[in-house]
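Participant: I have a structure I would like to understand better, so I am pasting it below and will then ask my questions one at a time.
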Amino acid sequence: MAEVLSQSQIDALLNSMRSGGDAGQTEEKQPEKKYRKYDFTTPRKFTKDRIKMLNGIFENYTRVVSSRLNAQLRTTFEIEVESIEEQKFYEFNNALLEGDVLAMVNVTVHSREAEGEDIQAEDPVMVYLSTPTALGMMDRMMGCEGESTEQEIPMGYAYTDLELQLYEHLMKDIVALMGSSWENYVPITFEYERTQVNPTLVTLLNLDETVVLVDMRLTFGGSEGRMSVVLPGNVLMSVFGEVSRESMGRKAASEDNSEEIFDQLRDSTLEIIAELGDTQLSLSDIYHLNVGDVLDLGRPKDSPVFLEIGGYQWFTGRMGTHKKNMAIKIDEVCYSAEQRSE
């Protein structure tokens with residue numbers, strides 16, 4: 001039985017005949033746009049503004065840590081924030097190796113108000129320092145001038161007791177400096193608690209817990225490494241709640257004081273000087289001045305009078321009288337800075 005062509009095949013043959021047989025060549029397809037998938041079952045807890053705020057905080061933190069470790073390691077030490085992203089804790093936990101260690105940090109949020117109570121976070125903040133980086137920093141602390149590379153450290157390297165003591169001493173300094181970068185928002189104390197050896201075997205947080213991971217790149221002594229700070233979602237919610245409460249309190253306080261400030265300004269006094277004109281005289285001319293002498297100011301008699309406040313011309317007016325007293329009627333306000341400085 002002969003094959004029957006479909007209507008689309010017939011149309012393709014006709015188009016091919018009209019175009020001289022070039023229709024067989026398939027047109028280049030536009031690349032399909034790729035969109036980032038959003039998981040509606042686990043929505044983001046923190047807005048872009050909060051992430052931007054954290055970025056500014058840790059940018060300040062890197063500057064403080066850099067100056068501190070420059071002196072402690074006796075070499076040029078640079079640290080910069082690479083990324084700040086919200087993720088699940090298991091994504092960070094799965095990337096850890098058997099020999100890695102974590103610094104567990106207690107967080108206390110202080111209230112600026114006298115009646116406020118301090119908030120002790122239940123979940124700890126975790127600070128991770130890659131093993132080659134930590135060992136290289138320890139070598140510098142012990143006086144070694146050599147460079148440490150990742151190739152020299154075997155996979156799953158286990159810290160010795162002495163190295164754990166040095167690690168604790170190092171992390172206490174790094175952690176203690178963390179609170180200074182939060183002072184502009186809310187006073188927080190970060191206190192080193194303990195060193196967690198082999199964290200892959202211990203449940204530190206719920207694996208589905210939302211955390212914010214701050215990745216930083218370290219460069220010193222010709223080698224590079226990385227340091228990560230894991231901020232649990234519950235800790236950040238407490239911190240951001242206190243930040244919002246304090247910002248609302250400062251706003252309310254400023255609004256409450258505004259009327260008092262304006263009342264004080266309304267009752268304040270300012271000296272206003274009316275200047276008819278100016279001229280220059282020699283000392284001998286001034287010495288011979290007598291009653292009835294006339295000084296030429298170089299201006300017509302109907303010229304405007306300048307009113308000066310704080311050394312600047314703010315108004316122009318005309319000379320006259322009011323209730324048998326000398327007075328000046330304001331004609332124009334000098335709004336621009338150019339007018340006031342003339």
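By order in the structure tokens, chains are A, B, ...; within a chain, residues start at 1; ligands start at 1, following the order shown.
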Could you tell me, as a VMD selection string, which residues of segment 48-232 of chain A DSSP assigns to helix (DSSP H, G or I) when given the backbone?
Facilitator: chain A and resid 48 to 73 89 to 93 131 to 141 150 to 152 161 to 182 199 to 201
Participant: Residues of segment 156-237 of chain A classed as strand (DSSP E or B) by DSSP on the backbone are to be reported as an MDAnalysis selection string.
Facilitator: chainID A and resid 188:197 210:220 223:232
Participant: Pick the closest to Phe89 of chain A from A:Gly233, A:Gly320, A:Gly143, A:Gly156: which is it, counting only C-alpha atoms?
Facilitator: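 Among A:Gly233, A:Gly320, A:Gly143, A:Gly156, it is A:Gly233 that comes nearest to Phe89 of chain A.
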Participant: List the neighbours of Gly99 of chain A out to 12 Å using only C-alpha atoms; skip same-chain residues closer than 5 positions along the sequence, and give me the result as a list in words.
Facilitator: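 Skipping anything fewer than 5 positions along the chain leaves Leu129, Ser130, Thr131, Pro132, Ile153, Pro154, Met155, Gly156, Tyr157, Ala158, Tyr159, Thr160, Leu164, Gln196, Val197, Asn198, Pro199, Thr200 and Leu201 of chain A.
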Participant: Kindly export the residues of the current selection with C-alpha atoms, as a compact mmCIF listing (two decimals), in the first residue's frame.
Facilitator:
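Below is the file selection_30.txt, written as the result:
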# COMPACT_ATOMS: atom_id res chain seq x y z
CA LEU A 129 38.43 26.60 58.65
CA SER A 130 39.78 24.25 56.01
CA THR A 131 42.44 21.88 57.34
CA PRO A 132 45.33 23.04 55.06
CA ILE A 153 47.94 17.42 53.56
CA PRO A 154 46.53 13.89 53.10
CA MET A 155 42.79 13.39 52.74
CA GLY A 156 41.06 12.90 56.11
CA TYR A 157 44.02 14.27 58.08
CA ALA A 158 43.35 14.10 61.85
CA TYR A 159 44.54 16.92 64.12
CA THR A 160 46.97 16.07 66.92
CA LEU A 164 43.82 21.18 68.52
CA GLN A 196 33.87 19.83 67.45
CA VAL A 197 36.05 17.03 66.06
CA ASN A 198 34.62 14.93 63.22
CA PRO A 199 31.29 16.80 62.93
CA THR A 200 29.97 14.32 60.34
CA LEU A 201 29.21 11.83 63.14
Participant: Show which residues sit within 7 Å of Glu85 of chain A, as a VMD selection string. Count only C-alpha atoms, and ignore same-chain residues fewer than 5 positions away.
Facilitator: chain A and resid 212 to 214
Participant: Could you write out that same residue set with C-alpha atoms as a JSON list (two decimals), in the first residue's frame?
Facilitator:
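So the final result, stored in part.json, reads:
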[["chain", "number", "residue", "atom", "x", "y", "z"],
["A", 212, "VAL", "CA", 22.98, 31.28, 55.90],
["A", 213, "LEU", "CA", 26.44, 30.24, 54.75],
["A", 214, "VAL", "CA", 29.12, 32.93, 54.52]]
Participant: Mind pulling up the distance from atom CA of Asp123 of chain A to atom CA of Phe92 of chain A?
Facilitator: 15.8 Å
Participant: One decimal, Å: what's the distance from atom CA of Asp208 of chain A over to atom CA of Asn106 of chain A, could you say?
Facilitator: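 If I compute the distance from atom CA of Asp208 of chain A to atom CA of Asn106 of chain A, I get 20.8 Å.
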Participant: Which of these residues is nearest to Phe77 of chain A, using only C-alpha atoms: A:Pro304, A:Gly317, A:Gly179, A:Gly136?
Facilitator: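 Checking each of A:Pro304, A:Gly317, A:Gly179, A:Gly136 against Phe77 of chain A, counting only C-alpha atoms, the winner is A:Gly136.
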Participant: Using only C-alpha atoms, which of A:Ala274, A:Val235, A:Val229, A:Met178 sits nearest Val81 of chain A?
Facilitator: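 Looking only at the distances to Val81 of chain A, the closest residue turns out to be A:Val229.
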Participant: Between A:Asn206, A:Ser181, A:Gln87, A:Thr195, single out the one closest to Val230 of chain A, counting only C-alpha atoms.
Facilitator: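 Of A:Asn206, A:Ser181, A:Gln87, A:Thr195, the one nearest Val230 of chain A is A:Gln87, counting only C-alpha atoms.
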Participant: Would you kindly return, as a compact mmCIF listing (two decimals) with N, CA and C atoms, in the first residue's frame, each protein, DNA or RNA residue with an atom no farther than 8 Å from any atom of Pro232 of chain A, considering only C-alpha atoms and excluding same-chain residues fewer than 5 positions away?
Facilitator:
# COMPACT_ATOMS: atom_id res chain seq x y z
N ASP A 123 20.73 27.59 69.20
CA ASP A 123 21.60 26.92 68.22
C ASP A 123 22.93 27.65 68.13
N PRO A 124 24.02 26.92 68.02
CA PRO A 124 25.34 27.58 67.94
C PRO A 124 25.66 28.01 66.51
N VAL A 125 26.44 29.06 66.40
CA VAL A 125 27.04 29.44 65.13
C VAL A 125 28.28 28.59 64.94
N GLU A 209 17.34 22.27 58.63
CA GLU A 209 17.33 23.63 59.18
C GLU A 209 17.88 24.61 58.15
N THR A 210 17.22 25.76 58.02
CA THR A 210 17.69 26.81 57.12
C THR A 210 18.84 27.55 57.76
N VAL A 211 19.93 27.70 57.03
CA VAL A 211 21.10 28.42 57.51
C VAL A 211 21.54 29.40 56.43
N VAL A 212 22.32 30.37 56.84
CA VAL A 212 22.98 31.28 55.90
C VAL A 212 24.47 30.99 55.96
